[in-house]
>>> print(open('upload-v9.cif').read())   # mmCIF, C-alpha atoms and all ligand atoms
data_entry
#
loop_
_atom_site.label_atom_id
_atom_site.label_comp_id
_atom_site.auth_asym_id
_atom_site.auth_seq_id
_atom_site.Cartn_x
_atom_site.Cartn_y
_atom_site.Cartn_z
CA MET A 1 0.00 0.00 0.00
CA GLU A 2 1.32 3.45 -0.93
CA ARG A 3 1.96 5.83 1.94
CA MET A 4 2.98 9.46 2.27
CA THR A 5 6.57 9.53 3.49
CA ASP A 6 8.60 12.49 4.74
CA LEU A 7 11.90 11.44 3.18
CA VAL A 8 13.04 8.65 0.88
CA VAL A 9 16.71 8.07 0.08
CA HIS A 10 16.92 5.66 -2.83
CA ASP A 11 19.21 3.91 -5.30
CA ALA A 12 22.22 4.11 -3.00
CA ALA A 13 25.20 2.03 -4.11
CA GLN A 14 25.24 0.82 -0.49
CA VAL A 15 23.18 1.33 2.64
CA VAL A 16 25.41 0.29 5.52
CA THR A 17 24.28 -0.36 9.09
CA PRO A 18 25.45 -2.14 12.22
CA THR A 19 22.99 -4.90 12.99
CA GLY A 20 22.81 -4.16 16.74
CA GLY A 21 21.69 -0.95 18.26
CA GLY A 22 22.59 -0.06 21.79
CA ASP A 23 21.28 -3.20 23.46
CA GLY A 24 23.53 -6.18 24.20
CA ASP A 25 27.29 -5.73 24.44
CA GLY A 26 27.74 -5.17 20.72
CA SER A 27 30.20 -8.03 20.29
CA ASP A 28 27.85 -9.99 18.04
CA ASP A 29 27.00 -7.02 15.84
CA GLU A 30 27.97 -7.06 12.24
CA LEU A 31 28.00 -4.45 9.54
CA GLU A 32 25.21 -5.19 7.11
CA VAL A 33 25.62 -3.91 3.57
CA ILE A 34 22.55 -3.52 1.37
CA GLU A 35 23.50 -3.06 -2.28
CA ASN A 36 21.25 -0.67 -4.26
CA GLY A 37 19.56 0.28 -1.01
CA ALA A 38 16.97 2.74 0.19
CA VAL A 39 15.71 4.23 3.46
CA ALA A 40 12.30 5.76 4.23
CA ILE A 41 11.72 8.08 7.19
CA GLU A 42 8.46 9.27 8.75
CA ASP A 43 8.09 11.60 11.72
CA GLY A 44 11.86 11.57 12.16
CA ILE A 45 12.02 7.77 12.49
CA VAL A 46 13.24 5.14 10.03
CA VAL A 47 10.20 3.19 8.78
CA ALA A 48 11.82 1.10 6.06
CA VAL A 49 15.30 0.06 4.98
CA GLY A 50 16.24 -2.47 2.33
CA PRO A 51 16.70 -2.92 -1.42
CA THR A 52 15.42 0.11 -3.36
CA THR A 53 12.82 -1.94 -5.20
CA ASP A 54 11.22 -3.10 -1.93
CA VAL A 55 11.39 0.22 -0.06
CA THR A 56 10.13 2.35 -2.96
CA ARG A 57 7.22 0.01 -3.63
CA ALA A 58 5.79 0.93 -0.22
CA HIS A 59 7.26 4.45 -0.16
CA PRO A 60 7.43 5.88 -3.72
CA PRO A 61 9.91 8.78 -3.81
CA GLU A 62 7.51 10.82 -5.99
CA ASN A 63 4.97 10.76 -3.16
CA ALA A 64 7.49 11.71 -0.48
CA THR A 65 7.82 15.24 0.85
CA GLU A 66 11.51 15.04 -0.04
CA SER A 67 13.60 12.47 -1.86
CA VAL A 68 17.34 12.03 -2.30
CA ASP A 69 18.71 10.12 -5.27
CA ALA A 70 21.82 8.48 -3.79
CA THR A 71 23.02 6.85 -7.01
CA GLY A 72 26.75 6.09 -6.74
CA ARG A 73 26.83 7.00 -3.05
CA THR A 74 26.92 5.21 0.29
CA VAL A 75 24.40 5.82 3.08
CA LEU A 76 25.60 5.36 6.67
CA PRO A 77 24.04 6.09 10.05
CA GLY A 78 25.03 9.60 11.14
CA PHE A 79 28.25 9.41 13.15
CA VAL A 80 28.04 9.49 16.94
CA ASP A 81 30.97 11.34 18.56
CA PRO A 82 30.89 10.28 22.23
CA HIS A 83 33.81 12.35 23.62
CA THR A 84 34.48 16.04 22.99
CA HIS A 85 35.48 19.13 24.94
CA ALA A 86 33.96 21.37 22.29
CA VAL A 87 32.94 24.39 24.39
CA PHE A 88 35.80 26.75 25.18
CA ALA A 89 37.31 30.13 24.27
CA GLY A 90 40.54 30.71 22.36
CA ASP A 91 42.88 28.09 20.93
CA ARG A 92 46.39 26.80 21.74
CA VAL A 93 48.02 26.79 18.35
CA ASP A 94 51.32 28.03 19.82
CA GLU A 95 51.41 24.99 22.14
CA PHE A 96 50.95 22.83 19.05
CA THR A 97 54.18 24.30 17.68
CA ALA A 98 55.91 23.92 21.08
CA LYS A 99 54.91 20.26 21.23
CA LEU A 100 56.36 19.70 17.77
CA ALA A 101 59.60 21.18 19.13
CA GLY A 102 59.62 18.61 21.97
CA ALA A 103 57.49 19.98 24.87
CA SER A 104 55.29 17.35 26.50
CA TYR A 105 51.56 17.74 27.23
CA GLN A 106 52.18 17.36 30.97
CA ASP A 107 55.13 19.85 31.02
CA ILE A 108 52.84 22.42 29.41
CA LEU A 109 50.06 21.71 31.94
CA GLU A 110 52.46 21.89 34.92
CA GLU A 111 53.64 25.31 33.75
CA GLY A 112 50.07 26.66 33.80
CA GLY A 113 49.45 26.13 30.08
CA GLY A 114 47.25 23.50 28.46
CA ILE A 115 43.84 23.04 30.09
CA LEU A 116 44.59 25.81 32.64
CA ARG A 117 45.22 28.34 29.91
CA THR A 118 41.91 27.49 28.23
CA VAL A 119 40.28 27.82 31.65
CA ARG A 120 41.57 31.42 31.95
CA ALA A 121 40.25 32.33 28.48
CA THR A 122 36.93 30.58 29.10
CA ARG A 123 36.32 32.27 32.46
CA GLU A 124 36.70 35.64 30.75
CA ALA A 125 34.38 34.82 27.84
CA GLU A 126 30.70 35.79 27.77
CA ARG A 127 28.24 32.94 27.41
CA ALA A 128 27.18 34.28 23.98
CA GLU A 129 30.77 33.94 22.72
CA LEU A 130 30.92 30.33 23.96
CA VAL A 131 27.60 29.55 22.27
CA ALA A 132 28.82 31.07 19.00
CA ASN A 133 32.10 29.11 19.16
CA LEU A 134 30.29 25.87 19.87
CA LEU A 135 27.76 26.42 17.07
CA GLU A 136 30.63 26.90 14.63
CA HIS A 137 32.23 23.63 15.76
CA LEU A 138 28.88 21.82 15.56
CA ASP A 139 28.53 23.03 11.95
CA THR A 140 31.92 21.54 11.09
CA MET A 141 31.01 18.27 12.83
CA LEU A 142 27.73 18.09 10.92
CA ALA A 143 29.46 18.71 7.60
CA HIS A 144 31.59 15.61 8.33
CA GLY A 145 28.57 13.45 9.12
CA THR A 146 28.20 13.71 12.91
CA THR A 147 24.58 13.74 14.05
CA THR A 148 25.03 13.00 17.78
CA VAL A 149 27.82 14.50 19.89
CA GLU A 150 28.73 14.46 23.55
CA VAL A 151 30.11 17.78 24.83
CA LYS A 152 31.84 18.14 28.21
CA SER A 153 32.16 21.18 30.40
CA GLY A 154 35.48 21.39 32.25
CA TYR A 155 37.16 24.67 31.30
CA GLY A 156 35.52 26.51 34.21
CA LEU A 157 36.65 24.65 37.34
CA ASP A 158 34.37 26.79 39.49
CA VAL A 159 30.60 26.71 39.97
CA GLU A 160 29.90 29.86 38.02
CA THR A 161 31.91 28.99 34.92
CA GLU A 162 30.97 25.30 34.88
CA LEU A 163 27.30 26.36 34.89
CA LYS A 164 28.02 28.97 32.20
CA LEU A 165 29.52 26.21 30.03
CA LEU A 166 26.62 23.81 30.55
CA GLU A 167 24.16 26.62 29.79
CA ALA A 168 26.10 27.42 26.62
CA ILE A 169 25.91 23.72 25.61
CA ASP A 170 22.16 23.75 26.26
CA GLU A 171 21.63 26.95 24.29
CA ALA A 172 23.69 25.76 21.31
CA ALA A 173 21.90 22.39 21.37
CA ASP A 174 18.54 24.16 21.09
CA GLN A 175 19.70 25.95 17.96
CA HIS A 176 21.41 23.08 16.16
CA PRO A 177 20.18 19.91 14.43
CA ILE A 178 22.90 17.75 16.02
CA ASP A 179 21.71 15.81 19.09
CA VAL A 180 24.00 17.15 21.85
CA VAL A 181 24.67 15.05 24.96
CA PRO A 182 25.90 17.20 27.89
CA THR A 183 28.52 16.00 30.41
CA PHE A 184 29.72 17.79 33.55
CA MET A 185 33.50 17.63 33.99
CA GLY A 186 34.41 19.95 36.84
CA ALA A 187 37.16 17.42 37.62
CA HIS A 188 39.03 18.10 34.39
CA ALA A 189 42.07 19.67 36.12
CA VAL A 190 43.03 21.13 39.48
CA PRO A 191 42.67 24.94 39.29
CA GLU A 192 45.84 27.02 39.70
CA GLY A 193 46.81 27.49 43.34
CA ALA A 194 44.26 24.96 44.64
CA ASP A 195 44.91 21.92 46.80
CA THR A 196 43.64 18.78 45.03
CA GLU A 197 41.74 17.32 48.01
CA GLU A 198 40.10 20.66 48.74
CA TYR A 199 39.16 21.04 45.09
CA VAL A 200 37.61 17.53 45.06
CA ASP A 201 35.50 18.65 48.05
CA ARG A 202 34.41 21.74 46.11
CA VAL A 203 33.42 19.66 43.07
CA ILE A 204 31.34 17.39 45.32
CA GLU A 205 29.86 19.98 47.66
CA GLU A 206 29.38 22.98 45.36
CA GLN A 207 29.58 22.12 41.66
CA LEU A 208 27.77 18.78 41.47
CA PRO A 209 24.68 19.88 43.45
CA ALA A 210 24.40 23.08 41.38
CA VAL A 211 24.72 21.14 38.11
CA ALA A 212 22.20 18.49 39.18
CA ASP A 213 19.84 21.20 40.38
CA ALA A 214 20.01 22.95 37.02
CA GLY A 215 19.39 19.64 35.21
CA LEU A 216 22.01 20.49 32.63
CA ALA A 217 24.08 17.28 32.45
CA GLU A 218 23.50 13.56 31.84
CA PHE A 219 27.00 12.35 32.70
CA CYS A 220 29.80 13.18 35.14
CA ASP A 221 33.37 12.68 33.91
CA VAL A 222 36.77 12.77 35.70
CA PHE A 223 40.38 13.01 34.46
CA CYS A 224 41.81 10.08 36.46
CA GLU A 225 45.52 10.51 35.86
CA ALA A 226 48.85 10.72 37.74
CA GLY A 227 49.25 14.32 38.90
CA VAL A 228 45.57 15.13 38.32
CA PHE A 229 42.88 13.08 40.16
CA SER A 230 43.76 9.78 41.88
CA VAL A 231 41.55 6.69 41.68
CA SER A 232 40.11 7.35 45.15
CA GLN A 233 39.43 11.02 44.38
CA SER A 234 37.85 10.03 41.06
CA ARG A 235 35.72 7.42 42.84
CA ARG A 236 34.43 10.02 45.34
CA ILE A 237 33.43 12.39 42.54
CA LEU A 238 31.81 9.75 40.33
CA GLU A 239 29.86 8.22 43.22
CA ALA A 240 28.67 11.67 44.35
CA GLY A 241 27.54 12.39 40.79
CA GLN A 242 25.80 9.03 40.58
CA GLU A 243 23.81 9.81 43.73
CA LEU A 244 22.57 12.94 41.99
CA GLY A 245 21.55 11.01 38.88
CA LEU A 246 24.63 11.61 36.70
CA THR A 247 26.04 8.51 34.99
CA PRO A 248 29.83 8.11 35.39
CA LYS A 249 32.36 8.39 32.59
CA ILE A 250 36.11 8.42 33.05
CA HIS A 251 39.34 9.51 31.33
CA ALA A 252 41.43 6.44 32.17
CA GLU A 253 44.94 5.08 31.58
CA GLU A 254 45.93 7.87 29.20
CA PHE A 255 49.51 8.72 30.21
CA GLU A 256 49.92 6.26 33.10
CA ARG A 257 48.06 3.13 34.06
CA LEU A 258 46.42 4.20 37.31
CA GLY A 259 43.39 1.92 37.71
CA GLY A 260 40.64 4.04 36.18
CA SER A 261 39.36 1.08 34.12
CA GLN A 262 38.78 -0.99 37.24
CA LEU A 263 37.04 1.99 38.84
CA ALA A 264 34.84 2.37 35.75
CA ALA A 265 33.91 -1.31 36.02
CA ASP A 266 33.21 -1.01 39.77
CA CYS A 267 30.91 1.97 39.46
CA GLY A 268 29.14 0.89 36.26
CA ALA A 269 30.42 3.76 34.11
CA ALA A 270 28.94 4.20 30.65
CA SER A 271 32.43 4.49 29.19
CA ALA A 272 36.16 4.54 29.93
CA ASP A 273 38.05 6.71 27.48
CA HIS A 274 41.63 7.07 26.10
CA LEU A 275 43.02 3.71 27.43
CA LEU A 276 46.42 4.13 25.78
CA GLN A 277 48.05 2.24 28.68
CA ALA A 278 45.22 -0.25 29.34
CA THR A 279 46.30 -3.83 30.06
CA ASP A 280 44.56 -7.09 29.14
CA GLU A 281 43.21 -7.16 32.71
CA ASP A 282 41.70 -3.69 32.24
CA ILE A 283 40.11 -4.71 28.96
CA GLU A 284 38.62 -7.81 30.55
CA ALA A 285 37.24 -5.78 33.48
CA LEU A 286 35.60 -3.29 31.10
CA GLY A 287 34.15 -6.06 28.95
CA GLU A 288 32.73 -7.97 31.92
CA ALA A 289 31.17 -4.85 33.44
CA GLY A 290 29.66 -3.70 30.14
CA VAL A 291 31.64 -0.43 30.16
CA THR A 292 32.16 0.81 26.60
CA PRO A 293 35.82 1.56 25.84
CA VAL A 294 36.24 4.76 23.81
CA LEU A 295 39.45 5.06 21.81
CA LEU A 296 40.63 8.50 20.65
CA PRO A 297 43.16 8.05 17.85
CA GLY A 298 43.18 11.79 17.06
CA THR A 299 44.61 12.45 20.53
CA ALA A 300 47.46 9.96 20.13
CA PHE A 301 48.08 11.41 16.66
CA SER A 302 48.18 14.99 18.04
CA LEU A 303 50.42 14.00 20.96
CA GLY A 304 52.75 11.94 18.78
CA ALA A 305 52.02 9.06 21.18
CA PRO A 306 51.56 5.37 20.31
CA TYR A 307 47.93 4.52 19.54
CA ALA A 308 45.74 2.51 21.89
CA ASP A 309 46.02 -1.24 21.30
CA ALA A 310 42.82 -1.76 19.31
CA ALA A 311 43.88 -5.33 18.45
CA ALA A 312 43.90 -6.28 22.15
CA PHE A 313 40.26 -5.18 22.49
CA GLU A 314 39.38 -7.09 19.34
CA ALA A 315 41.14 -10.21 20.66
CA ALA A 316 39.14 -9.95 23.91
CA ASP A 317 35.89 -9.54 21.94
CA VAL A 318 35.27 -6.14 23.55
CA PRO A 319 34.10 -3.75 20.82
CA VAL A 320 35.45 -0.20 20.99
CA ALA A 321 33.79 3.12 20.31
CA LEU A 322 35.67 5.90 18.57
CA ALA A 323 35.54 9.66 19.21
CA THR A 324 37.31 12.84 18.14
CA ASP A 325 38.17 14.16 21.65
CA PHE A 326 37.88 17.55 19.94
CA ASN A 327 39.56 20.08 22.28
CA PRO A 328 42.24 22.79 22.00
CA ASN A 329 44.94 20.09 22.22
CA CYS A 330 43.37 17.83 19.59
CA PHE A 331 41.80 20.18 17.12
CA SER A 332 39.66 18.10 14.80
CA GLN A 333 35.87 17.95 14.73
CA SER A 334 35.80 15.23 12.06
CA MET A 335 34.63 11.68 12.73
CA GLU A 336 35.64 10.90 9.13
CA SER A 337 39.23 11.62 10.17
CA VAL A 338 38.82 9.45 13.25
CA VAL A 339 37.65 6.51 11.11
CA GLU A 340 40.69 7.07 8.86
CA LEU A 341 43.08 7.14 11.84
CA ALA A 342 41.42 4.09 13.39
CA CYS A 343 42.14 2.10 10.22
CA ASN A 344 45.44 3.54 9.08
CA GLY A 345 46.84 4.13 12.58
CA MET A 346 45.24 1.50 14.84
CA ARG A 347 44.82 -1.07 12.04
CA MET A 348 41.10 -1.52 12.68
CA THR A 349 39.07 -2.89 9.79
CA PRO A 350 36.79 -0.35 8.06
CA ALA A 351 33.78 -2.36 9.34
CA ALA A 352 34.99 -2.20 12.97
CA ALA A 353 35.79 1.51 12.62
CA ILE A 354 32.33 2.32 11.19
CA ARG A 355 30.66 0.38 14.01
CA GLY A 356 32.92 2.17 16.51
CA ALA A 357 31.85 5.51 15.11
CA THR A 358 28.13 4.67 15.09
CA SER A 359 26.37 1.93 17.11
CA ILE A 360 29.16 1.27 19.63
CA ALA A 361 29.64 5.01 20.11
CA ALA A 362 25.91 5.29 20.88
CA ARG A 363 26.41 2.81 23.73
CA ALA A 364 29.08 5.11 25.22
CA VAL A 365 26.43 7.84 25.61
CA ASP A 366 23.64 5.49 26.67
CA ARG A 367 21.60 6.01 23.50
CA THR A 368 19.62 2.75 23.25
CA ASP A 369 16.94 3.90 20.78
CA GLY A 370 18.75 2.63 17.69
CA THR A 371 20.96 5.71 17.34
CA GLY A 372 23.97 4.75 15.24
CA THR A 373 22.03 2.23 13.15
CA ILE A 374 19.67 2.38 10.20
CA ARG A 375 16.86 0.07 11.19
CA GLU A 376 13.10 0.40 11.62
CA GLY A 377 12.38 2.52 14.68
CA ALA A 378 15.81 4.19 14.81
CA PRO A 379 16.17 7.97 14.59
CA GLY A 380 16.31 9.14 10.97
CA ASP A 381 19.93 10.34 11.16
CA LEU A 382 21.98 9.59 8.03
CA ALA A 383 25.31 10.56 6.48
CA ILE A 384 25.60 10.11 2.71
CA ALA A 385 29.11 9.82 1.30
CA THR A 386 30.29 10.26 -2.29
CA VAL A 387 31.74 6.76 -2.45
CA THR A 388 30.34 3.52 -3.85
CA ASN A 389 31.60 1.37 -0.97
CA TYR A 390 31.99 2.30 2.73
CA GLN A 391 35.58 1.02 2.78
CA HIS A 392 36.52 3.94 0.56
CA ILE A 393 35.99 6.35 3.48
CA PRO A 394 39.21 5.38 5.33
CA TYR A 395 40.90 4.35 2.07
CA ASN A 396 40.39 7.81 0.57
CA PHE A 397 41.80 9.61 3.63
CA GLY A 398 42.30 13.33 4.11
CA VAL A 399 39.28 14.42 2.09
CA SER A 400 35.67 15.00 3.02
CA ASN A 401 33.65 12.08 1.68
CA VAL A 402 30.39 13.04 3.40
CA GLN A 403 28.19 15.13 1.16
CA THR A 404 24.65 15.10 2.54
CA VAL A 405 23.55 14.84 6.17
CA ILE A 406 20.05 14.09 7.47
CA THR A 407 18.84 14.46 11.06
CA ASP A 408 15.39 13.31 12.15
CA GLY A 409 14.42 12.82 8.52
CA THR A 410 15.35 16.34 7.35
CA VAL A 411 18.24 17.23 5.05
CA VAL A 412 20.32 19.60 7.18
CA HIS A 413 23.57 19.71 5.22
CA ARG A 414 24.37 19.41 1.52
CA ASP A 415 27.80 20.14 0.01
N1 LIG B 1 43.05 14.58 28.96
C1 LIG B 1 42.29 15.43 29.40
N2 LIG B 1 41.41 16.18 28.71
C2 LIG B 1 41.41 16.37 27.29
C3 LIG B 1 42.39 17.42 26.85
C4 LIG B 1 41.88 18.76 27.16
C5 LIG B 1 42.85 19.87 26.82
O1 LIG B 1 44.07 19.62 26.64
O2 LIG B 1 42.38 21.00 26.76
C6 LIG B 1 41.53 15.05 26.58
O3 LIG B 1 40.70 14.20 26.83
O4 LIG B 1 42.41 14.86 25.73
ZN ZN B 2 38.75 14.19 27.01
#
>>> encode(input="upload-v9.cif", output="structure tokens")
Amino acid sequence: MERMTDLVVHDAAQVVTPTGGGDGDGSDDELEVIENGAVAIEDGIVVAVGPTTDVTRAHPPENATESVDATGRTVLPGFVDPHTHAVFAGDRVDEFTAKLAGASYQDILEEGGGILRTVRATREAERAELVANLLEHLDTMLAHGTTTVEVKSGYGLDVETELKLLEAIDEAADQHPIDVVPTFMGAHAVPEGADTEEYVDRVIEEQLPAVADAGLAEFCDVFCEAGVFSVSQSRRILEAGQELGLTPKIHAEEFERLGGSQLAADCGAASADHLLQATDEDIEALGEAGVTPVLLPGTAFSLGAPYADAAAFEAADVPVALATDFNPNCFSQSMESVVELACNGMRMTPAAAIRGATSIAARAVDRTDGTGTIREGAPGDLAIATVTNYQHIPYNFGVSNVQTVITDGTVVHRD
């Protein structure tokens, strides 16, 4: 029977989708490829996906409000970027040059640069400037196929500025088609001149209650790292956040192996991120506890550090999510680039990288509604690339392959 459809994408060389979608641990998911495929969307939700002949019989493009002829192109779920620090003022391009000349990330931070420098610039910025900056970055993300993004606060380190950042995230989210997931990260660094224990008390007693009261965050994240927050300090913060309804996330085993993975497993975190130094034991603990590991190849690339051991996760049957970690130290908003680095740098297969950037990434932000897949009932979020086969995305690196982006069944970007 013919029906009126909001959007039909048809005649795609490939429609590509992970078979899972947020439920289960993702280890049995596969990447399904439908040759000459089509997708129909109604009321923002996918209502049909399959061969073009089947989908267009029930949903003729000529009867749809909008149709996209995807001949010669590949349709993917919109990318999910589950780890960014995208709201801040200024940049640190001079530190980029200093790092190339040999300065380390931690030397820069210990001298009051790095995160602390962005904190100074962000405290001085008006909320409107932060909103405008974030909207610009969201536009760039969208143009590269991202339709869901997590954004952390963490360049305030005091109640007032942390709230200003979360309000800026909320305001930008209201104005932009990307689905924005807000995370509170008051424990991103120890502010200049502060004692770490006293600052942990302030995060727990002042910042967390104010954030929970304002209802502006879904997750609470901590930088669990030597010289920043210890495992026990991180545990106190994450448990306090959990009591206020914020799901834990953690920056773990980035520069040193401290035990953040085990903590993530103990407190049922949604994700443990970075994991450059994670051991087989850590990987097993994350897998058993259902914590999604998030690997950030752009960060290793920017730091000139060895990549996380993606093969060890694969061997343990623990699927990994991928994210940009977009921040002033790792300045890329592009999930296309992350997929390229995952393959060319971490030697992941294109199929594993696409799953990591879509359905597995959705697990890292607790999106269990089919986000990151193209299946009936999932949100109508699609990225259409100018390639005839999804493997060409990492193969043809360094260029923008995404051409058209759809959120909730509406075309929101076209190159
Ligand atoms: N490692 C801690 N936080 C960020 C970097 C933030 C910054 O350098 O401004 C990260 O995840 O890479
Ligand atoms: Zn981070």
>>> residues_near_point(input="upload-v9.cif", point="(25.1, 2.9, 7.5)", cutoff="8 Å", atoms="all atoms listed in the file", output="PDB file with C-alpha atoms, keeping the file's coordinate frame")
ATOM      1  CA  VAL A  15      23.180   1.330   2.640  1.00  0.00           C
ATOM      2  CA  VAL A  16      25.410   0.290   5.520  1.00  0.00           C
ATOM      3  CA  THR A  17      24.280  -0.360   9.090  1.00  0.00           C
ATOM      4  CA  PRO A  18      25.450  -2.140  12.220  1.00  0.00           C
ATOM      5  CA  VAL A  33      25.620  -3.910   3.570  1.00  0.00           C
ATOM      6  CA  THR A  74      26.920   5.210   0.290  1.00  0.00           C
ATOM      7  CA  VAL A  75      24.400   5.820   3.080  1.00  0.00           C
ATOM      8  CA  LEU A  76      25.600   5.360   6.670  1.00  0.00           C
ATOM      9  CA  PRO A  77      24.040   6.090  10.050  1.00  0.00           C
ATOM     10  CA  GLY A  78      25.030   9.600  11.140  1.00  0.00           C
ATOM     11  CA  THR A 373      22.030   2.230  13.150  1.00  0.00           C
ATOM     12  CA  ILE A 374      19.670   2.380  10.200  1.00  0.00           C
ATOM     13  CA  LEU A 382      21.980   9.590   8.030  1.00  0.00           C
ATOM     14  CA  ALA A 383      25.310  10.560   6.480  1.00  0.00           C
TER      15      ALA A 383
END
>>> residues_near_ligand(input="upload-v9.cif", ligand="ligand LIG 1 (chain B)", cutoff="8 Å", atoms="only C-alpha atoms and all ligand atoms", output="ChimeraX atom specification")
/A:83-85,105,114-116,118,155,188-189,223,251,254,273-274,299,325-330
>>> residues_around(input="upload-v9.cif", residues="Val159 (chain A)", least_positions_apart="3", cutoff="8 Å", atoms="all atoms listed in the file", output="PyMOL selection string")
chain A and resi 156+162-163+206-207+210
>>> closest_residue(input="upload-v9.cif", among="A:Tyr390, A:Phe397, A:Phe184, A:Tyr199", to="ligand ZN 2 (chain B)", atoms="all atoms listed in the file")
A:Phe184
>>> closest_atom_pairs(input="upload-v9.cif", of="region 190-276 of chain A", to="region 363-366 of chain A", cutoff="9 Å", atoms="all atoms listed in the file", output="tab-separated table")
residue	atom	partner	partner_atom	distance
A:Glu218	CA	A:Val365	CA	9.0
A:Phe219	CA	A:Val365	CA	8.4
A:Lys249	CA	A:Ala364	CA	8.7
A:Ala270	CA	A:Ala364	CA	5.5
A:Ser271	CA	A:Ala364	CA	5.2
A:Ala272	CA	A:Ala364	CA	8.5
>>> residues_near_point(input="upload-v9.cif", point="(33.9, 7.7, 18.0)", cutoff="10 Å", atoms="all atoms listed in the file", output="short mmCIF file (atom, residue, chain, number, x, y, z; two decimals) with C-alpha atoms, in the frame of the given file")
data_model
loop_
_atom_site.label_atom_id
_atom_site.label_comp_id
_atom_site.auth_asym_id
_atom_site.auth_seq_id
_atom_site.Cartn_x
_atom_site.Cartn_y
_atom_site.Cartn_z
CA PHE A 79 28.25 9.41 13.15
CA VAL A 80 28.04 9.49 16.94
CA ASP A 81 30.97 11.34 18.56
CA PRO A 82 30.89 10.28 22.23
CA HIS A 83 33.81 12.35 23.62
CA THR A 84 34.48 16.04 22.99
CA THR A 146 28.20 13.71 12.91
CA VAL A 149 27.82 14.50 19.89
CA VAL A 294 36.24 4.76 23.81
CA LEU A 295 39.45 5.06 21.81
CA LEU A 296 40.63 8.50 20.65
CA PRO A 297 43.16 8.05 17.85
CA VAL A 320 35.45 -0.20 20.99
CA ALA A 321 33.79 3.12 20.31
CA LEU A 322 35.67 5.90 18.57
CA ALA A 323 35.54 9.66 19.21
CA THR A 324 37.31 12.84 18.14
CA ASP A 325 38.17 14.16 21.65
CA SER A 334 35.80 15.23 12.06
CA MET A 335 34.63 11.68 12.73
CA GLU A 336 35.64 10.90 9.13
CA VAL A 338 38.82 9.45 13.25
CA VAL A 339 37.65 6.51 11.11
CA ALA A 342 41.42 4.09 13.39
CA ALA A 353 35.79 1.51 12.62
CA ILE A 354 32.33 2.32 11.19
CA ARG A 355 30.66 0.38 14.01
CA GLY A 356 32.92 2.17 16.51
CA ALA A 357 31.85 5.51 15.11
CA THR A 358 28.13 4.67 15.09
CA SER A 359 26.37 1.93 17.11
CA ILE A 360 29.16 1.27 19.63
CA ALA A 361 29.64 5.01 20.11
CA ALA A 362 25.91 5.29 20.88
CA ALA A 364 29.08 5.11 25.22
#
>>> closest_residue(input="upload-v9.cif", among="A:Asp91, A:Asp266, A:Asp221, A:Glu284", to="ligand ZN 2 (chain B)", atoms="only C-alpha atoms and all ligand atoms")
A:Asp221
>>> atom_distance(input="upload-v9.cif", atom1="CA of Tyr395 (chain A)", atom2="CA of Asp179 (chain A)")
28.1 Å
>>> closest_residue(input="upload-v9.cif", among="A:Gly145, A:Gly259, A:Gly193, A:Gly298", to="ligand ZN 2 (chain B)", atoms="all atoms listed in the file")
A:Gly298
>>> atom_distance(input="upload-v9.cif", atom1="CA of Ala252 (chain A)", atom2="CA of His137 (chain A)")
25.5 Å
>>> closest_residue(input="upload-v9.cif", among="A:Leu31, A:Ile237, A:Ile250, A:Cys343", to="ligand ZN 2 (chain B)", atoms="only C-alpha atoms and all ligand atoms")
A:Ile250
>>> closest_residue(input="upload-v9.cif", among="A:Thr371, A:Ser337, A:Thr196, A:Thr140", to="Asp415 (chain A)", atoms="all atoms listed in the file")
A:Thr140
>>> closest_residue(input="upload-v9.cif", among="A:Ser67, A:Thr122, A:Thr404, A:Thr5", to="Ile45 (chain A)", atoms="only C-alpha atoms")
A:Thr5
>>> axis_aligned_box(input="upload-v9.cif", around="region 403-411 of chain A", padding_each_side="3 Å", output="AutoDock Vina command-line options")
--center_x 21.3 --center_y 15.0 --center_z 6.7 --size_x 19.8 --size_y 10.4 --size_z 17.0
>>> atom_distance(input="upload-v9.cif", atom1="CA of Ala64 (chain A)", atom2="CA of Ala143 (chain A)")
24.4 Å
>>> residues_around(input="upload-v9.cif", residues="Gly37 (chain A)", least_positions_apart="3", cutoff="7 Å", atoms="all atoms listed in the file", output="PyMOL selection string")
chain A and resi 10-15+34+50-52
>>> residues_around(input="upload-v9.cif", residues="Ala226 (chain A)", least_positions_apart="4", cutoff="12 Å", atoms="all atoms listed in the file", output="list of chain:residue names")
A:Gln106, A:Ala189, A:Ser230, A:Val231, A:Ser232, A:Gln233, A:Ser234, A:His251, A:Ala252, A:Glu253, A:Glu254, A:Phe255, A:Glu256, A:Arg257, A:Leu258, A:Gly259, A:Gly260
>>> residues_around(input="upload-v9.cif", residues="region 129-136 of chain A", least_positions_apart="2", cutoff="12 Å", atoms="all atoms listed in the file", output="PyMOL selection string")
chain A and resi 84-91+121-127+138-143+149+151-153+155-156+161+164-178+180+326-327+333
>>> residues_around(input="upload-v9.cif", residues="Asp107 (chain A)", least_positions_apart="6", cutoff="12 Å", atoms="all atoms listed in the file", output="PyMOL selection string")
chain A and resi 95+98-99+113-115+227
